[in-house]
Amino acid sequence: MTLAFTFDGRSYQGEPGDTLAAALLRNGVRVVGRSVDLGRPRGVFSAGPEEPNALVRVGATPMVAATLVELYDGLAAWSLRGKGRIDLDATDDRRCDKGYLHADVLVIGAGPAGLSAALSAAERGGRVILLDDQPEVGGDLLNARAEAAWAAAMGERLAAFPEVRILTRTTALGYYDHTYVTAVQRGRREEADRFDERLWHIRARQVILATGAQERSVAFPGNDRPGVMLASAARAYANRYGVLPGRRAVVFTLTDSGHEAARDLAAAGVDVVAVVDPRLDGRTVTGTTADDEGVLTGVHIGADYHEADLLAVAGGWNPVVHLFSQAQGKLRFDENLQTYLPAEAPRQVSTVGACRGVYTTAGAIADGRGETPQERLTPPARLWLCGDDPATSFADLHRDVTVADVARAVGTGMRSAEHVKRYTTAGTGADQGRTSVVAGVMATLLGSPPGLTTFRPPYGPVSFATLAGRDRGALSDPARTTAMHGAHLAGGAVFEDVGQWKRPRYFPQEGEDMAAAVRRECAAARSGVAAMDASTLGKIDIRGADAGEFLDRIYTNLYSTLAVGSCRYGLMCGADGMVFDDGTTARLGEHHFLMTTTTGNAARVLDWLEEWHQTEWPGLDVRFTSVTDHWATVAVAGPRAREIIAAVAPGATGLPFMTCAETEVLGVPGRVFRISFSGELAFEVNVPWWYGEALWEAVLGLGAVPYGTETMHVLRAEKGFAIVGQETDGTVTPQDLGMSWIVSRRKPDYVGKRSHARPDTARTGRKRLVGLLGDDFVEEGAQIVSAGRMLGHVTSSYDSAALGRPFSLAMVGDVAVGDRLSAVSGERTIPVTVADPVFYDFENARREGDPLTADVAPLTATARAAAPAARHAARFDAVSTDRVRLRERPFTPMWEVRGDDPGDDSGHGLKLGPSWWLVFDDPGPRGVDVSGQRTVLELDGPGALDVLITGCPLDLHPSVFPGHAQTLLAKAPVILHRPDEDRFLLYVRASYADYLSEWLLDAIGG
C-alpha cells in the first residue's frame, strides 16, 4: 500500500512508516526549501527534531520539521521560502489538548539506556512513565540494521507492567522546579487519535534523562548544499526507511560512528567512493560543487575531487543536555570526547547512556541498569572547520550564519558565546542551535575550549494552539452563569463579562439598539416595575457569638447594634484606609448575619474576612460560609414593585425600607430584602438556585420589564451611588465619596481607621465625587481640566431619560458646585458644570413607591425546580458509552459545617479543610444550608480517569487519591470525590455547571 501526498502542489507516493522527509528523498526531491536570509537552496539534513532545513507548512501549522511529520494518505505540505508566510485563510482543524500525569520515575528517551532504566524501575514496582519523540521505542537502535528487534521486545516487556505508561511521539519541552516536566505528544492521523497534539504536564519523584546525543557537523565551504547531511541521518534513511539518500557518497567522519554509517550505506546499495577521516591521514573536505539548482554534484578532498550526490558528515556527538541544564545541572567540557557532559546532577535527576557520553549500545544498556559501562572508543578528531572560504562555510544552517560572520563577531572583541549568539542570531532558529557549530568555530578562532549558551525551554517549537489546548472559544476561561441564564438567552439578552460572570447588559426588543433598550428599561423602573437578575452579588453567611463585634471591626460603621430583621449598607476599607468593597448586611438572628458584596469582589472579600479572623482576631467566635451560588436573586424595582411581591412573596409585602424577612416565595423557603440601588421602591427576592428560573419567569409574567446592568448603572448614577471599582481605584476613601456619615466616630477601631487620620487622607483638595452636567455627552475616562491644570477624571457617564440630558460622575479636586470646567477626551473638549452627585430624587421620596390599591392574589403554584445542568441531560446520554458515562445526579441536600467534626449524628460527609465539612444530613443549627450551591455530576467507567487527567492537576492514581479533595477541573473549582475506583463525583458550584458540562462533553465526545 502506498500513501498519496502533495508537496508544493505536486503529487507523490510514499510508504507507510515514512516521514515526510523520507518520502521526499524516496521521490528524489532534493531541494526542500530556501534559507532564511540568503535564499540558498537547502535539502534534508537530519532525520530527527534537530532538522534545520526541511521546515514545511502542513495545513494551518506554519513551521514543522519534515523529519517529524509522519506521512498519511492525503497529506499536503508546502516548503517555506525564506522566512515563510502564514496563510491567514488556512483553517486550523487540529484538536489540541492537555493532560496531567504523575509517576515515581519519569524516563525521557526510549533508546537502549532509557529502556533499560525504565525496566529496572518497573521491576522495582514503581509507577513509570517512558516517553520518546519517535513513533516507537528504540531510539538510535531503530536506525541500526540488526538491533531494532531487541528494542521492540523491550517495549513489549514494559507494556506488560500495569504501572508503566509509554508515551511515543512525545517530546519533552522543558524541565522546571520540583521535577515538573512539560512534553508535547503528537497524535496519529492514521489511527484516528482524538487529538493532534497534547501538552502533558508531568510530575515525578525522580527523572532519568536518557535523551541520547545528536550528531554534529563540520563547517566547510558549501556545507549547506542539498545532498550534504549528517551521517547518522543517511544511515537512518537507508536502514529504517529503505530510502537511499544518494547513489554515490562521500563520508566525512571525525568519529568511529561515521565508519559504521559508511558500511551501512554500502550494504544498502550506495556507492561509497571515499571515507575521509582526518585521524587516519589528516585529509579533510575542502569544498563542494553543485548543479544549476544548487544540488551537490561533487566533493573536494584537498587536491582530490569525487563526483557525489551525497556527502555524509560525522563531526562527533553532542549529548542532549538541554533538560539537564534546565534542571540546574552543571556541565563540564570533556577533552577526550570534545563535548560537554553532565557533571553535578541536581537531586532527583540522573543521566544515563549517550546523554552522559556512554555511546555504545552495550554500555548504554548497562548504564541504564545502574551498572558500570565498559567503553572503548577512539576519541574524535579535534576539528570544527576546514577549507579556505569562510563566507560559504556555514556554522548555523537555519540562521545562515557563516564562519565569516562568527569571525566578524570575534573580531569586535566578543568572547562569550552568548554575545556572539545575539550578534549573529546563531542558535535562535527552530532547531535552537542543535546543528550549529558556532561554539566550535569560536574555539578554533580563539584557541580556547568551546563555550556554551543557555539551554532554555521549550526544547523545540510548540504552537500556541498546542499551549492553549481545548482552552479556546467558550472553553477559554470558566464562565459563570446564573440560574436564569437560559431564560436570558431566550429573552434575547446581550451579555457582558463581569469577572467570570455572564450578566445581561440589556434586553433589546426588535429594532432597538442599546441606547433605545436602556431608555425603555429605565422608564419601566422609574414609572412602572422592572426586574434584574442580581444573583451574581457575593453572599456570605456569617455566624457566631462574636459576629457583630467582628463586623464592627471590618466595616467603617456599626453592626453590633443592628436589629434582627434589619439591613444596613456598609463600606469596608483596606488597612490603607481606601475603599475596598461595599454592600448591605442583614441581621437574620442574634448571632447570624448575611453579607452581600460586589460581584467582582466576592472571593476577595471572603478571603479578607478569613485573613483578619485567622491572623488578627482568632479569639472571636465567628464563621464564614459563601452562599453566593446557593441563592438566586431577582431585584424588583419600580413604583409598582409591591404588586409583584404581593403575588410571589405575600409575606414580604409590608416590609419597611432596609428590613428583611425569611418567608415563602412561590411556595418554597426564601428571603426578601427591602433595599434599593435605584432609588425606587425595590425588593431583592432570594430563592434557592434550583428555583431561580421559575422565580424570574413568574416576575416577568406578572408584568415586570427585564433590565440589565447598563440600566442599573444609569439608575444608580442618577442617585449618585458609587460603584466600587468604577468610582474607586484604590486611592479613594469614604470621605472622598462624600460618605463621611458612614464612618463611625463611636467605635474604638476598624480596619483603616488610623489611615483615615493620616495627613494625606485628611487634607483638603483631595479628589472627591462630584456630578457633572456637560454641554454634550462626555466619555468615561475624560480628563477634567481648568486653566491648563488637570483636576480629575470622569468615572461614569450616561444619557438620562429622567433628566432629559447626559450627566456624569467624576473624581475631581478643588472645585465647587457651579464651577465651569472642561472635559478632554482625545480631540474633543466639552464644557461641563460641576453639580451635586445626586441628580434624581434628592429627598428619597420615591423609595416608598405606589401603595397597593387593590388586593393581589398570590401565585399558588409551587415554583418548578430546575437542576443547574438539566439542559445538558440529553447530551450527557448521547456521549455516554460503556467506557465512560456522564450524568447529573438528583437533588442532594447539603450543609456546610464549621468547627469540630460533626460526627456520626450528622450523617456522612466530606472534610473540605481544617474545621470545615460538607455533610448530607441536617446537622441542625451548626450547619449552613448550601443545597442550592452545588450540583453533583457523576463520571464513571474505565475511561473516567482519562477524561479527568485532561483537566485536573491532582495525582488521581488510586493509591494516592482514594477519597476526595477540593481542586480545579478545567480551571473551575470542584470537590472531586472518588467513591469507587472508576467512579467520580464532581461537586460543582451551580454557576460553573454550564461551563463544566460543556467541557466534559467536549472531553468525552470531542
# chains A, B, ... in the order shown; residues from 1 in each chain; ligands from 1
call {"tool": "select_by_dssp", "arguments": {"residues": "range 173-337 of chain A", "states": "alpha helix (DSSP H)", "output": "PyMOL selection string"}}
result
chain A and resi 231-239+256-267+278-281+322-326
call {"tool": "residues_around", "arguments": {"residues": "range 301-306 of chain A", "least_positions_apart": "2", "cutoff": "6 Å", "atoms": "only C-alpha atoms", "output": "list in words"}}
result
Thr284, Val285, Thr286, Gly298 and Val299 of chain A
call {"tool": "residues_around", "arguments": {"residues": "Ser796 in chain A", "least_positions_apart": "6", "cutoff": "7 Å", "atoms": "only C-alpha atoms", "output": "mmCIF file with N, CA, C and O atoms, in the first residue's frame"}}
result
data_model
loop_
_atom_site.group_PDB
_atom_site.id
_atom_site.type_symbol
_atom_site.label_atom_id
_atom_site.label_comp_id
_atom_site.auth_asym_id
_atom_site.auth_seq_id
_atom_site.Cartn_x
_atom_site.Cartn_y
_atom_site.Cartn_z
ATOM 1 N N GLU A 780 -16.524 58.357 29.472
ATOM 2 C CA GLU A 780 -15.871 57.921 30.700
ATOM 3 C C GLU A 780 -14.359 57.915 30.488
ATOM 4 O O GLU A 780 -13.868 57.532 29.438
ATOM 5 N N SER A 808 -22.756 63.029 34.263
ATOM 6 C CA SER A 808 -21.565 62.249 34.601
ATOM 7 C C SER A 808 -21.290 62.329 36.093
ATOM 8 O O SER A 808 -21.709 63.267 36.778
ATOM 9 N N LEU A 809 -20.564 61.341 36.581
ATOM 10 C CA LEU A 809 -19.942 61.381 37.892
ATOM 11 C C LEU A 809 -18.437 61.457 37.668
ATOM 12 O O LEU A 809 -17.914 60.898 36.704
ATOM 13 N N ALA A 810 -17.725 62.130 38.555
ATOM 14 C CA ALA A 810 -16.292 62.307 38.373
ATOM 15 C C ALA A 810 -15.623 62.449 39.716
ATOM 16 O O ALA A 810 -16.244 62.837 40.721
#
call {"tool": "residues_around", "arguments": {"residues": "Asn143 in chain A", "least_positions_apart": "4", "cutoff": "12 Å", "atoms": "only C-alpha atoms", "output": "ChimeraX atom specification"}}
result
/A:47-48,111,134,136-139,147-149,151,231-243,260-261,264-265
call {"tool": "residues_around", "arguments": {"residues": "Leu918 in chain A", "least_positions_apart": "5", "cutoff": "8 Å", "atoms": "only C-alpha atoms", "output": "VMD selection string"}}
result
chain A and resid 894 to 897 909 to 912
call {"tool": "residues_around", "arguments": {"residues": "Asp621 in chain A", "least_positions_apart": "4", "cutoff": "7 Å", "atoms": "only C-alpha atoms", "output": "JSON list (two decimals) with all heavy atoms, in the first residue's frame"}}
result
[["chain", "number", "residue", "atom", "x", "y", "z"],
["A", 544, "GLY", "N", -21.95, 33.24, 64.61],
["A", 544, "GLY", "CA", -21.10, 33.15, 65.79],
["A", 544, "GLY", "C", -21.46, 34.21, 66.81],
["A", 544, "GLY", "O", -22.01, 35.27, 66.48],
["A", 545, "ALA", "N", -21.12, 33.93, 68.06],
["A", 545, "ALA", "CA", -21.46, 34.84, 69.14],
["A", 545, "ALA", "C", -20.78, 36.20, 68.98],
["A", 545, "ALA", "O", -21.28, 37.21, 69.50],
["A", 545, "ALA", "CB", -21.06, 34.21, 70.49],
["A", 546, "ASP", "N", -19.65, 36.24, 68.28],
["A", 546, "ASP", "CA", -18.92, 37.49, 68.11],
["A", 546, "ASP", "C", -19.06, 38.05, 66.70],
["A", 546, "ASP", "O", -18.25, 38.89, 66.28],
["A", 546, "ASP", "CB", -17.43, 37.29, 68.42],
["A", 546, "ASP", "CG", -17.20, 36.87, 69.85],
["A", 546, "ASP", "OD1", -17.87, 37.43, 70.74],
["A", 546, "ASP", "OD2", -16.34, 36.00, 70.08],
["A", 547, "ALA", "N", -20.08, 37.61, 65.97],
["A", 547, "ALA", "CA", -20.24, 38.07, 64.58],
["A", 547, "ALA", "C", -20.41, 39.58, 64.52],
["A", 547, "ALA", "O", -19.82, 40.25, 63.66],
["A", 547, "ALA", "CB", -21.43, 37.36, 63.93]]
call {"tool": "residues_around", "arguments": {"residues": "range 586-603 of chain A", "least_positions_apart": "6", "cutoff": "6 Å", "atoms": "only C-alpha atoms", "output": "PyMOL selection string"}}
result
chain A and resi 499+536-545+564-567
call {"tool": "write_last_selection", "arguments": {"atoms": "C-alpha atoms", "output": "PDB file, in the first residue's frame"}}
result
ATOM      1  CA  GLY A 499     -15.328  38.881  36.257  1.00  0.00           C
ATOM      2  CA  THR A 536     -24.099  37.418  40.925  1.00  0.00           C
ATOM      3  CA  LEU A 537     -23.735  39.578  44.029  1.00  0.00           C
ATOM      4  CA  GLY A 538     -21.495  37.913  46.581  1.00  0.00           C
ATOM      5  CA  LYS A 539     -23.300  36.459  49.596  1.00  0.00           C
ATOM      6  CA  ILE A 540     -21.504  35.408  52.773  1.00  0.00           C
ATOM      7  CA  ASP A 541     -23.279  33.741  55.685  1.00  0.00           C
ATOM      8  CA  ILE A 542     -21.700  34.924  58.963  1.00  0.00           C
ATOM      9  CA  ARG A 543     -22.454  33.199  62.260  1.00  0.00           C
ATOM     10  CA  GLY A 544     -21.105  33.147  65.788  1.00  0.00           C
ATOM     11  CA  ALA A 545     -21.458  34.844  69.142  1.00  0.00           C
ATOM     12  CA  VAL A 564     -32.695  41.418  63.909  1.00  0.00           C
ATOM     13  CA  GLY A 565     -34.599  41.653  60.628  1.00  0.00           C
ATOM     14  CA  SER A 566     -32.856  44.869  59.582  1.00  0.00           C
ATOM     15  CA  CYS A 567     -30.288  45.649  56.890  1.00  0.00           C
TER      16      CYS A 567
END
call {"tool": "closest_residue", "arguments": {"among": "A:Arg145, A:Arg520, A:His178, A:Lys747", "to": "Arg203 in chain A", "atoms": "only C-alpha atoms"}}
result
A:His178
call {"tool": "closest_residue", "arguments": {"among": "A:Tyr175, A:Trp917, A:Trp501, A:Tyr840", "to": "Pro457 in chain A", "atoms": "only C-alpha atoms"}}
result
A:Tyr175
call {"tool": "closest_residue", "arguments": {"among": "A:Arg356, A:His713, A:Arg889, A:Arg789", "to": "Leu821 in chain A", "atoms": "only C-alpha atoms"}}
result
A:Arg789
call {"tool": "closest_residue", "arguments": {"among": "A:Met712, A:Ala762, A:Ala801, A:Val705", "to": "Asp736 in chain A", "atoms": "only C-alpha atoms"}}
result
A:Ala762
call {"tool": "select_by_dssp", "arguments": {"residues": "range 128-317 of chain A", "states": "strand (DSSP E or B)", "output": "ChimeraX atom specification"}}
result
/A:128-131,164-167,170-176,180-186,197-209,213-215,219,221,228-230,248-253,271-276,287-290,296-301,304-307,310-314,317
call {"tool": "atom_distance", "arguments": {"atom1": "CA of Pro962 in chain A", "atom2": "CA of Glu981 in chain A"}}
result
7.6 Å
call {"tool": "atom_distance", "arguments": {"atom1": "CA of Thr659 in chain A", "atom2": "CA of Arg847 in chain A"}}
result
13.3 Å
call {"tool": "decode", "arguments": {"residues": "range 340-352 of chain A", "atoms": "all heavy atoms", "output": "PDB file, in the first residue's frame"}}
result
ATOM      1  N   TYR A 340      30.450  18.695  25.861  1.00  0.00           N
ATOM      2  CA  TYR A 340      30.058  18.940  27.238  1.00  0.00           C
ATOM      3  C   TYR A 340      29.252  17.755  27.766  1.00  0.00           C
ATOM      4  O   TYR A 340      28.346  17.239  27.086  1.00  0.00           O
ATOM      5  CB  TYR A 340      29.229  20.215  27.346  1.00  0.00           C
ATOM      6  CG  TYR A 340      30.080  21.465  27.384  1.00  0.00           C
ATOM      7  CD1 TYR A 340      30.400  22.150  26.218  1.00  0.00           C
ATOM      8  CD2 TYR A 340      30.577  21.947  28.594  1.00  0.00           C
ATOM      9  CE1 TYR A 340      31.188  23.295  26.251  1.00  0.00           C
ATOM     10  CE2 TYR A 340      31.367  23.086  28.641  1.00  0.00           C
ATOM     11  CZ  TYR A 340      31.672  23.751  27.470  1.00  0.00           C
ATOM     12  OH  TYR A 340      32.463  24.871  27.514  1.00  0.00           O
ATOM     13  N   LEU A 341      29.593  17.345  28.984  1.00  0.00           N
ATOM     14  CA  LEU A 341      28.929  16.219  29.634  1.00  0.00           C
ATOM     15  C   LEU A 341      28.353  16.676  30.977  1.00  0.00           C
ATOM     16  O   LEU A 341      28.864  17.630  31.589  1.00  0.00           O
ATOM     17  CB  LEU A 341      29.911  15.078  29.880  1.00  0.00           C
ATOM     18  CG  LEU A 341      30.546  14.423  28.660  1.00  0.00           C
ATOM     19  CD1 LEU A 341      31.531  13.349  29.111  1.00  0.00           C
ATOM     20  CD2 LEU A 341      29.490  13.819  27.749  1.00  0.00           C
ATOM     21  N   PRO A 342      27.316  15.981  31.463  1.00  0.00           N
ATOM     22  CA  PRO A 342      26.799  16.291  32.797  1.00  0.00           C
ATOM     23  C   PRO A 342      27.876  16.069  33.852  1.00  0.00           C
ATOM     24  O   PRO A 342      28.648  15.105  33.786  1.00  0.00           O
ATOM     25  CB  PRO A 342      25.646  15.299  32.970  1.00  0.00           C
ATOM     26  CG  PRO A 342      25.236  14.948  31.572  1.00  0.00           C
ATOM     27  CD  PRO A 342      26.500  14.967  30.775  1.00  0.00           C
ATOM     28  N   ALA A 343      27.931  16.987  34.808  1.00  0.00           N
ATOM     29  CA  ALA A 343      28.899  16.867  35.900  1.00  0.00           C
ATOM     30  C   ALA A 343      28.153  16.734  37.215  1.00  0.00           C
ATOM     31  O   ALA A 343      27.954  15.630  37.708  1.00  0.00           O
ATOM     32  CB  ALA A 343      29.835  18.076  35.911  1.00  0.00           C
ATOM     33  N   GLU A 344      27.697  17.844  37.769  1.00  0.00           N
ATOM     34  CA  GLU A 344      26.961  17.806  39.039  1.00  0.00           C
ATOM     35  C   GLU A 344      25.471  17.744  38.744  1.00  0.00           C
ATOM     36  O   GLU A 344      24.890  18.690  38.213  1.00  0.00           O
ATOM     37  CB  GLU A 344      27.286  19.049  39.867  1.00  0.00           C
ATOM     38  CG  GLU A 344      28.741  19.191  40.231  1.00  0.00           C
ATOM     39  CD  GLU A 344      28.999  20.489  40.974  1.00  0.00           C
ATOM     40  OE1 GLU A 344      28.046  21.010  41.606  1.00  0.00           O
ATOM     41  OE2 GLU A 344      30.136  20.980  40.913  1.00  0.00           O
ATOM     42  N   ALA A 345      24.865  16.615  39.102  1.00  0.00           N
ATOM     43  CA  ALA A 345      23.436  16.435  38.845  1.00  0.00           C
ATOM     44  C   ALA A 345      22.621  16.940  40.030  1.00  0.00           C
ATOM     45  O   ALA A 345      23.004  16.717  41.182  1.00  0.00           O
ATOM     46  CB  ALA A 345      23.126  14.968  38.595  1.00  0.00           C
ATOM     47  N   PRO A 346      21.522  17.629  39.766  1.00  0.00           N
ATOM     48  CA  PRO A 346      20.652  18.038  40.878  1.00  0.00           C
ATOM     49  C   PRO A 346      19.970  16.826  41.492  1.00  0.00           C
ATOM     50  O   PRO A 346      19.883  15.753  40.882  1.00  0.00           O
ATOM     51  CB  PRO A 346      19.632  18.961  40.199  1.00  0.00           C
ATOM     52  CG  PRO A 346      19.638  18.550  38.772  1.00  0.00           C
ATOM     53  CD  PRO A 346      21.014  18.050  38.461  1.00  0.00           C
ATOM     54  N   ARG A 347      19.514  17.015  42.712  1.00  0.00           N
ATOM     55  CA  ARG A 347      18.800  15.931  43.389  1.00  0.00           C
ATOM     56  C   ARG A 347      17.576  15.525  42.583  1.00  0.00           C
ATOM     57  O   ARG A 347      16.906  16.358  41.995  1.00  0.00           O
ATOM     58  CB  ARG A 347      18.386  16.404  44.791  1.00  0.00           C
ATOM     59  CG  ARG A 347      17.837  15.307  45.694  1.00  0.00           C
ATOM     60  CD  ARG A 347      17.708  15.819  47.126  1.00  0.00           C
ATOM     61  NE  ARG A 347      16.780  16.925  47.214  1.00  0.00           N
ATOM     62  CZ  ARG A 347      15.471  16.778  47.451  1.00  0.00           C
ATOM     63  NH1 ARG A 347      14.964  15.567  47.627  1.00  0.00           N
ATOM     64  NH2 ARG A 347      14.688  17.828  47.536  1.00  0.00           N
ATOM     65  N   GLN A 348      17.317  14.243  42.541  1.00  0.00           N
ATOM     66  CA  GLN A 348      16.160  13.639  41.859  1.00  0.00           C
ATOM     67  C   GLN A 348      16.317  13.614  40.344  1.00  0.00           C
ATOM     68  O   GLN A 348      15.362  13.289  39.637  1.00  0.00           O
ATOM     69  CB  GLN A 348      14.851  14.359  42.232  1.00  0.00           C
ATOM     70  CG  GLN A 348      14.533  14.299  43.726  1.00  0.00           C
ATOM     71  CD  GLN A 348      13.334  15.124  44.097  1.00  0.00           C
ATOM     72  OE1 GLN A 348      13.194  16.270  43.657  1.00  0.00           O
ATOM     73  NE2 GLN A 348      12.446  14.573  44.908  1.00  0.00           N
ATOM     74  N   VAL A 349      17.501  13.948  39.829  1.00  0.00           N
ATOM     75  CA  VAL A 349      17.748  13.883  38.394  1.00  0.00           C
ATOM     76  C   VAL A 349      19.005  13.067  38.155  1.00  0.00           C
ATOM     77  O   VAL A 349      20.015  13.261  38.843  1.00  0.00           O
ATOM     78  CB  VAL A 349      17.920  15.282  37.779  1.00  0.00           C
ATOM     79  CG1 VAL A 349      18.249  15.187  36.299  1.00  0.00           C
ATOM     80  CG2 VAL A 349      16.660  16.106  37.981  1.00  0.00           C
ATOM     81  N   SER A 350      18.939  12.145  37.198  1.00  0.00           N
ATOM     82  CA  SER A 350      20.123  11.383  36.817  1.00  0.00           C
ATOM     83  C   SER A 350      20.162  11.255  35.307  1.00  0.00           C
ATOM     84  O   SER A 350      19.148  11.416  34.623  1.00  0.00           O
ATOM     85  CB  SER A 350      20.114  10.000  37.479  1.00  0.00           C
ATOM     86  OG  SER A 350      18.941   9.284  37.133  1.00  0.00           O
ATOM     87  N   THR A 351      21.341  10.990  34.785  1.00  0.00           N
ATOM     88  CA  THR A 351      21.532  10.839  33.342  1.00  0.00           C
ATOM     89  C   THR A 351      22.117   9.466  33.061  1.00  0.00           C
ATOM     90  O   THR A 351      22.925   8.941  33.843  1.00  0.00           O
ATOM     91  CB  THR A 351      22.474  11.914  32.788  1.00  0.00           C
ATOM     92  OG1 THR A 351      23.712  11.864  33.497  1.00  0.00           O
ATOM     93  CG2 THR A 351      21.870  13.302  32.955  1.00  0.00           C
ATOM     94  N   VAL A 352      21.705   8.883  31.936  1.00  0.00           N
ATOM     95  CA  VAL A 352      22.223   7.570  31.539  1.00  0.00           C
ATOM     96  C   VAL A 352      22.453   7.564  30.035  1.00  0.00           C
ATOM     97  O   VAL A 352      21.845   8.329  29.279  1.00  0.00           O
ATOM     98  CB  VAL A 352      21.247   6.432  31.918  1.00  0.00           C
ATOM     99  CG1 VAL A 352      21.116   6.307  33.431  1.00  0.00           C
ATOM    100  CG2 VAL A 352      19.880   6.644  31.283  1.00  0.00           C
TER     101      VAL A 352
END
